[in-house]
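Let me begin by presenting the structure, written as structure tokens, before commenting on it.
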Amino acid sequence: MLFFNDARARALPPWQCRVESRAFSRTERKMFHGSLVALVTPMRPDGALDFEALARLVEFHVEKGTDALVVMGTTGESATLDVDEHIEVVRRSVALAAGRLPVIAGTGANSTREAIELTEAARREGVDGCLLVTPYYNKPTQEGLYRHYRAIAEAVALPQILYNVPGRTGCDMQPATVERLADIPNIVGIKEASGSLERTAELIRRCGDRMDVFSGDDAIAREVILQGGRGVISVTANVAPEAMHRMCAAALAGETENAARIDAPLAGLHAQLFCESNPIPVKWALWRMGLIDTGIRLPLTPLGEACQGPVSEAMRQAGLIS
């Protein structure tokens, strides 16, 4: 349960009220594009949150041209942070970004009430948008998914991005459901992480004029953008932010050959950063780069020795280490 400072909010939980609706302009609906990094949450070896390292990471991404920060998603280990920690990471990220790039907060949950609470809390902290994963484990129907997302959008006046990642959630939101949700003004995009170019093409065809489609898979991000997608919510961008930004910019400009040239050295990262469960490999890579400490929370464990060589080789191919 979240606790808000506002007396009215304490008296009436967010899911029991409906915010004053308003139309979102086309500018607001198109505010996110390019390389949106799915940011890791730095931790000390004992698992404590490391806000000094978070500050380093934010500055790193501002300097290297990342187009937006996505905090408290899968890569941010949101599943192992408690609510107070979750909101503190969001609060600090907004303050550190200081308007220099957008901040999108992961606020999804498999309870609609909890998702509304988290989304409202993130709105109060000043985020530019929220990323909402499909409810995991309880396997809602397509109608349940529609009502879940509609309820969140009606409760919190904030740009919202749907997140479909069936390999993790056991829940696959179908294009017809996404098309229905595209009519809700503050649902502005979808992160599609099914790994299927056919699926992203169908989403772009059905609702690309009303919501933005983002790749949730680095390995196909370039092709998704060339199909008409607006960018990628990227794990690779944690370690290669400048190259991911340039690749996305080239693809958005329709520069097919240039985008492929920039993407080629990153192919190893796209693959090897998933040799064990995300974010295990990418946190190890960031540690090798001297950007974060070694902390990661159980049930995740440090990268195994068998993967360390392949990840190092991918980093060398990308020019990150000598």
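Each chain in the structure tokens gets a letter, A, B and so on, in the order shown; residues start at 1 in every chain, and ligands are counted from 1 in the order they appear.
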All residues 12 Å or closer to Arg123 (chain A), only C-alpha atoms, same chain fewer than 2 positions away omitted, as a short mmCIF file (atom, residue, chain, number, x, y, z; two decimals) with N, CA and C atoms, in the first residue's frame:
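File out05.cif, as written:
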data_model
loop_
_atom_site.label_atom_id
_atom_site.label_comp_id
_atom_site.auth_asym_id
_atom_site.auth_seq_id
_atom_site.Cartn_x
_atom_site.Cartn_y
_atom_site.Cartn_z
N PHE A 4 0.22 8.64 0.50
CA PHE A 4 0.43 9.92 -0.15
C PHE A 4 0.35 11.04 0.88
N PRO A 14 -6.77 6.14 -4.96
CA PRO A 14 -6.81 6.55 -6.36
C PRO A 14 -7.76 5.72 -7.21
N ILE A 87 9.58 3.95 -5.45
CA ILE A 87 9.26 5.37 -5.60
C ILE A 87 10.49 6.24 -5.40
N VAL A 90 12.43 6.33 -8.60
CA VAL A 90 11.73 7.22 -9.53
C VAL A 90 12.00 8.67 -9.17
N ARG A 91 11.84 9.01 -7.89
CA ARG A 91 12.04 10.39 -7.44
C ARG A 91 13.45 10.87 -7.76
N VAL A 94 14.08 11.40 -11.60
CA VAL A 94 13.49 12.65 -12.10
C VAL A 94 14.36 13.84 -11.69
N VAL A 103 11.78 11.03 -18.36
CA VAL A 103 11.84 9.88 -17.46
C VAL A 103 10.50 9.16 -17.51
N ILE A 104 10.56 7.87 -17.82
CA ILE A 104 9.38 7.01 -17.86
C ILE A 104 9.55 5.98 -16.74
N ALA A 105 8.52 5.81 -15.93
CA ALA A 105 8.61 4.90 -14.80
C ALA A 105 7.79 3.64 -15.06
N GLY A 106 8.38 2.50 -14.76
CA GLY A 106 7.62 1.26 -14.77
C GLY A 106 6.67 1.24 -13.59
N THR A 107 5.37 1.10 -13.84
CA THR A 107 4.38 1.12 -12.76
C THR A 107 3.35 0.01 -12.92
N ILE A 116 -2.59 1.28 -10.40
CA ILE A 116 -3.08 2.66 -10.32
C ILE A 116 -2.33 3.42 -9.23
N GLU A 117 -2.13 2.80 -8.09
CA GLU A 117 -1.39 3.46 -7.01
C GLU A 117 0.02 3.83 -7.44
N LEU A 118 0.73 2.88 -8.05
CA LEU A 118 2.10 3.15 -8.48
C LEU A 118 2.16 4.23 -9.56
N THR A 119 1.20 4.19 -10.49
CA THR A 119 1.18 5.18 -11.57
C THR A 119 0.89 6.57 -11.02
N GLU A 120 -0.04 6.66 -10.08
CA GLU A 120 -0.34 7.95 -9.44
C GLU A 120 0.86 8.46 -8.65
N ALA A 121 1.53 7.56 -7.95
CA ALA A 121 2.71 7.97 -7.19
C ALA A 121 3.80 8.50 -8.12
N GLU A 125 5.60 12.36 -8.62
CA GLU A 125 7.05 12.59 -8.60
C GLU A 125 7.54 13.32 -9.84
N GLY A 126 6.67 13.54 -10.83
CA GLY A 126 7.03 14.36 -11.97
C GLY A 126 7.52 13.61 -13.19
N VAL A 127 7.22 12.31 -13.31
CA VAL A 127 7.66 11.57 -14.49
C VAL A 127 6.95 12.08 -15.74
N ASP A 128 7.52 11.78 -16.88
CA ASP A 128 6.94 12.19 -18.15
C ASP A 128 5.98 11.15 -18.71
N GLY A 129 6.06 9.94 -18.21
CA GLY A 129 5.18 8.87 -18.67
C GLY A 129 5.41 7.62 -17.84
N CYS A 130 4.57 6.62 -18.07
CA CYS A 130 4.70 5.36 -17.36
C CYS A 130 4.66 4.19 -18.33
N LEU A 131 5.32 3.11 -17.94
CA LEU A 131 5.36 1.87 -18.70
C LEU A 131 4.64 0.81 -17.87
N ALA A 155 -7.80 6.70 -14.44
CA ALA A 155 -7.49 7.13 -13.07
C ALA A 155 -6.33 8.11 -12.99
N VAL A 156 -5.40 8.06 -13.96
CA VAL A 156 -4.18 8.87 -13.87
C VAL A 156 -3.93 9.56 -15.20
N ALA A 157 -3.96 10.89 -15.18
CA ALA A 157 -3.76 11.68 -16.40
C ALA A 157 -2.28 11.82 -16.70
N LEU A 158 -1.72 10.79 -17.32
CA LEU A 158 -0.30 10.73 -17.62
C LEU A 158 -0.12 9.90 -18.88
N PRO A 159 0.80 10.26 -19.78
CA PRO A 159 1.06 9.40 -20.94
C PRO A 159 1.49 8.01 -20.50
N GLN A 160 0.87 6.99 -21.08
CA GLN A 160 1.10 5.61 -20.66
C GLN A 160 1.47 4.74 -21.85
#
Taking the DSSP secondary structure from the backbone, can you list the residues of region 133-268 of chain A that are alpha helix (DSSP H), as an MDAnalysis selection string? chainID A and resid 142:155 166:169 175:181 197:207 221:227 241:252 256:263 267:268
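Of note, CA of Gln227 (chain A) and CA of His148 (chain A) are spaced 28.7 Å apart.
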Would you mind telling me which residue in A:Met315, A:Leu273, A:Cys207, A:Ile190 lies nearest to Arg288 (chain A) when using only C-alpha atoms?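 Using only C-alpha atoms, Arg288 (chain A) sits closest to A:Met315.
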When you look at Ile296 (chain A) with a cut-off of 9 Å (counting only C-alpha atoms), what residues show up, excluding the ones that are within fewer than 3 positions of it in the same chain? I need them as a list of chain:residue names. A:Thr41, A:Pro42, A:Met43, A:Arg44, A:Pro45, A:Asp46, A:Gly47, A:Ala48, A:Glu77, A:Pro279, A:Ile280, A:Lys283, A:Pro299, A:Leu300, A:Thr301, A:Pro302
Deliver the residues from the most recent selection as a file, using N, CA and C atoms, as a short mmCIF file (atom, residue, chain, number, x, y, z; two decimals), in the first residue's frame.
data_model
loop_
_atom_site.label_atom_id
_atom_site.label_comp_id
_atom_site.auth_asym_id
_atom_site.auth_seq_id
_atom_site.Cartn_x
_atom_site.Cartn_y
_atom_site.Cartn_z
N THR A 41 19.14 -0.69 -12.04
CA THR A 41 19.15 -0.06 -10.72
C THR A 41 20.46 -0.43 -10.03
N PRO A 42 21.39 0.51 -9.88
CA PRO A 42 22.68 0.18 -9.27
C PRO A 42 22.52 -0.22 -7.80
N MET A 43 23.30 -1.20 -7.39
CA MET A 43 23.27 -1.68 -6.01
C MET A 43 24.69 -1.94 -5.52
N ARG A 44 24.86 -1.82 -4.23
CA ARG A 44 26.13 -2.18 -3.60
C ARG A 44 26.18 -3.69 -3.43
N PRO A 45 27.34 -4.24 -3.11
CA PRO A 45 27.46 -5.70 -3.00
C PRO A 45 26.46 -6.34 -2.04
N ASP A 46 26.01 -5.59 -1.03
CA ASP A 46 25.03 -6.14 -0.09
C ASP A 46 23.59 -5.97 -0.56
N GLY A 47 23.40 -5.44 -1.77
CA GLY A 47 22.06 -5.26 -2.32
C GLY A 47 21.43 -3.92 -2.02
N ALA A 48 22.09 -3.08 -1.23
CA ALA A 48 21.55 -1.75 -0.94
C ALA A 48 21.58 -0.88 -2.20
N GLU A 77 15.08 -4.26 -12.06
CA GLU A 77 14.82 -5.18 -10.94
C GLU A 77 13.64 -4.73 -10.08
N PRO A 279 18.50 -8.63 -15.64
CA PRO A 279 19.66 -7.82 -16.03
C PRO A 279 21.01 -8.38 -15.57
N ILE A 280 21.14 -9.68 -15.36
CA ILE A 280 22.40 -10.22 -14.86
C ILE A 280 23.58 -9.84 -15.76
N LYS A 283 24.33 -5.88 -15.97
CA LYS A 283 24.92 -5.31 -14.76
C LYS A 283 26.39 -5.71 -14.64
N PRO A 299 16.26 -13.36 -6.19
CA PRO A 299 16.85 -14.63 -6.63
C PRO A 299 17.81 -14.53 -7.81
N LEU A 300 18.10 -13.33 -8.30
CA LEU A 300 19.13 -13.20 -9.34
C LEU A 300 20.50 -13.31 -8.70
N THR A 301 21.44 -13.83 -9.44
CA THR A 301 22.80 -14.04 -8.95
C THR A 301 23.80 -13.43 -9.94
N PRO A 302 25.04 -13.19 -9.52
CA PRO A 302 26.04 -12.63 -10.44
C PRO A 302 26.26 -13.52 -11.66
#
Contacts of Pro241 (chain A) at 10 Å (only C-alpha atoms; same-chain gap of 4+ positions) as a list in words: Ser35, Leu36, Val37, Phe60, His61, Val62, Glu63, Lys64, Gly65, Thr66, Asp67, Ser234, Val235, Thr236, Ala237, His245, Arg246 and Met247 of chain A
Got time to write the residues from that selection, N, CA and C atoms, as a short mmCIF file (atom, residue, chain, number, x, y, z; two decimals), in the first residue's frame?
data_model
loop_
_atom_site.label_atom_id
_atom_site.label_comp_id
_atom_site.auth_asym_id
_atom_site.auth_seq_id
_atom_site.Cartn_x
_atom_site.Cartn_y
_atom_site.Cartn_z
N SER A 35 16.17 5.96 -28.82
CA SER A 35 16.76 4.98 -27.91
C SER A 35 16.37 5.31 -26.48
N LEU A 36 15.44 4.55 -25.94
CA LEU A 36 14.96 4.72 -24.57
C LEU A 36 15.62 3.61 -23.74
N VAL A 37 16.50 3.97 -22.84
CA VAL A 37 17.25 2.96 -22.11
C VAL A 37 16.41 2.36 -20.99
N PHE A 60 25.88 9.82 -17.59
CA PHE A 60 26.39 9.05 -18.72
C PHE A 60 25.41 9.08 -19.87
N HIS A 61 24.12 8.88 -19.58
CA HIS A 61 23.13 8.84 -20.64
C HIS A 61 22.82 10.23 -21.21
N VAL A 62 22.84 11.23 -20.37
CA VAL A 62 22.67 12.59 -20.88
C VAL A 62 23.82 12.93 -21.84
N GLU A 63 25.05 12.62 -21.43
CA GLU A 63 26.24 12.92 -22.23
C GLU A 63 26.24 12.17 -23.56
N LYS A 64 25.78 10.91 -23.54
CA LYS A 64 25.88 10.06 -24.73
C LYS A 64 24.65 10.13 -25.63
N GLY A 65 23.66 10.92 -25.28
CA GLY A 65 22.57 11.17 -26.21
C GLY A 65 21.37 10.26 -26.10
N THR A 66 21.26 9.47 -25.04
CA THR A 66 20.07 8.64 -24.85
C THR A 66 18.83 9.51 -24.90
N ASP A 67 17.77 9.00 -25.51
CA ASP A 67 16.58 9.81 -25.75
C ASP A 67 15.59 9.83 -24.59
N SER A 234 15.55 -0.24 -24.56
CA SER A 234 16.75 -1.01 -24.86
C SER A 234 17.56 -1.41 -23.63
N VAL A 235 17.99 -2.66 -23.61
CA VAL A 235 18.97 -3.13 -22.63
C VAL A 235 20.38 -2.75 -23.10
N THR A 236 20.65 -2.98 -24.39
CA THR A 236 21.97 -2.66 -24.94
C THR A 236 22.36 -1.21 -24.70
N ALA A 237 21.39 -0.30 -24.70
CA ALA A 237 21.69 1.12 -24.50
C ALA A 237 22.30 1.41 -23.14
N HIS A 245 21.70 5.34 -29.81
CA HIS A 245 21.04 6.60 -30.21
C HIS A 245 21.27 6.87 -31.69
N ARG A 246 22.50 6.71 -32.15
CA ARG A 246 22.79 6.99 -33.57
C ARG A 246 22.10 6.00 -34.49
N MET A 247 22.04 4.73 -34.09
CA MET A 247 21.36 3.73 -34.91
C MET A 247 19.88 4.07 -35.03
#
Select, from A:Thr177, A:Glu114, A:Gly99, A:Gly73, the residue with the minimum atom-to-atom distance to Val133 (chain A), counting only C-alpha atoms.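 For Val133 (chain A), the nearest of the given residues is A:Gly73.
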Here is a test: counting only C-alpha atoms, which residue of A:Leu226, A:Cys307, A:Ala253, A:Leu320 is nearest to Leu266 (chain A)?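 Selected residue with least distance to Leu266 (chain A): A:Leu320.
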Between A:Asp50, A:Glu223, A:Glu257, A:Asp218, which is the closest to Ala240 (chain A) once you count only C-alpha atoms?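 Smallest separation from Ala240 (chain A) among the options: A:Asp218.
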Using Å and a single decimal, report how far CA of Met173 (chain A) sits from CA of Asn138 (chain A).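 Computed distance, CA of Asn138 (chain A) to CA of Met173 (chain A), equals 13.5 Å.
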Could you jot down the CA of Ala182 (chain A) to CA of Val83 (chain A) separation for me, Å, one decimal place?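 One can read the CA of Ala182 (chain A) to CA of Val83 (chain A) distance as 29.1 Å.
Distance check against Ala285 (chain A) using only C-alpha atoms: of A:Gly170, A:Gly216, A:Gly309, A:Pro265, the minimum falls on A:Gly309.
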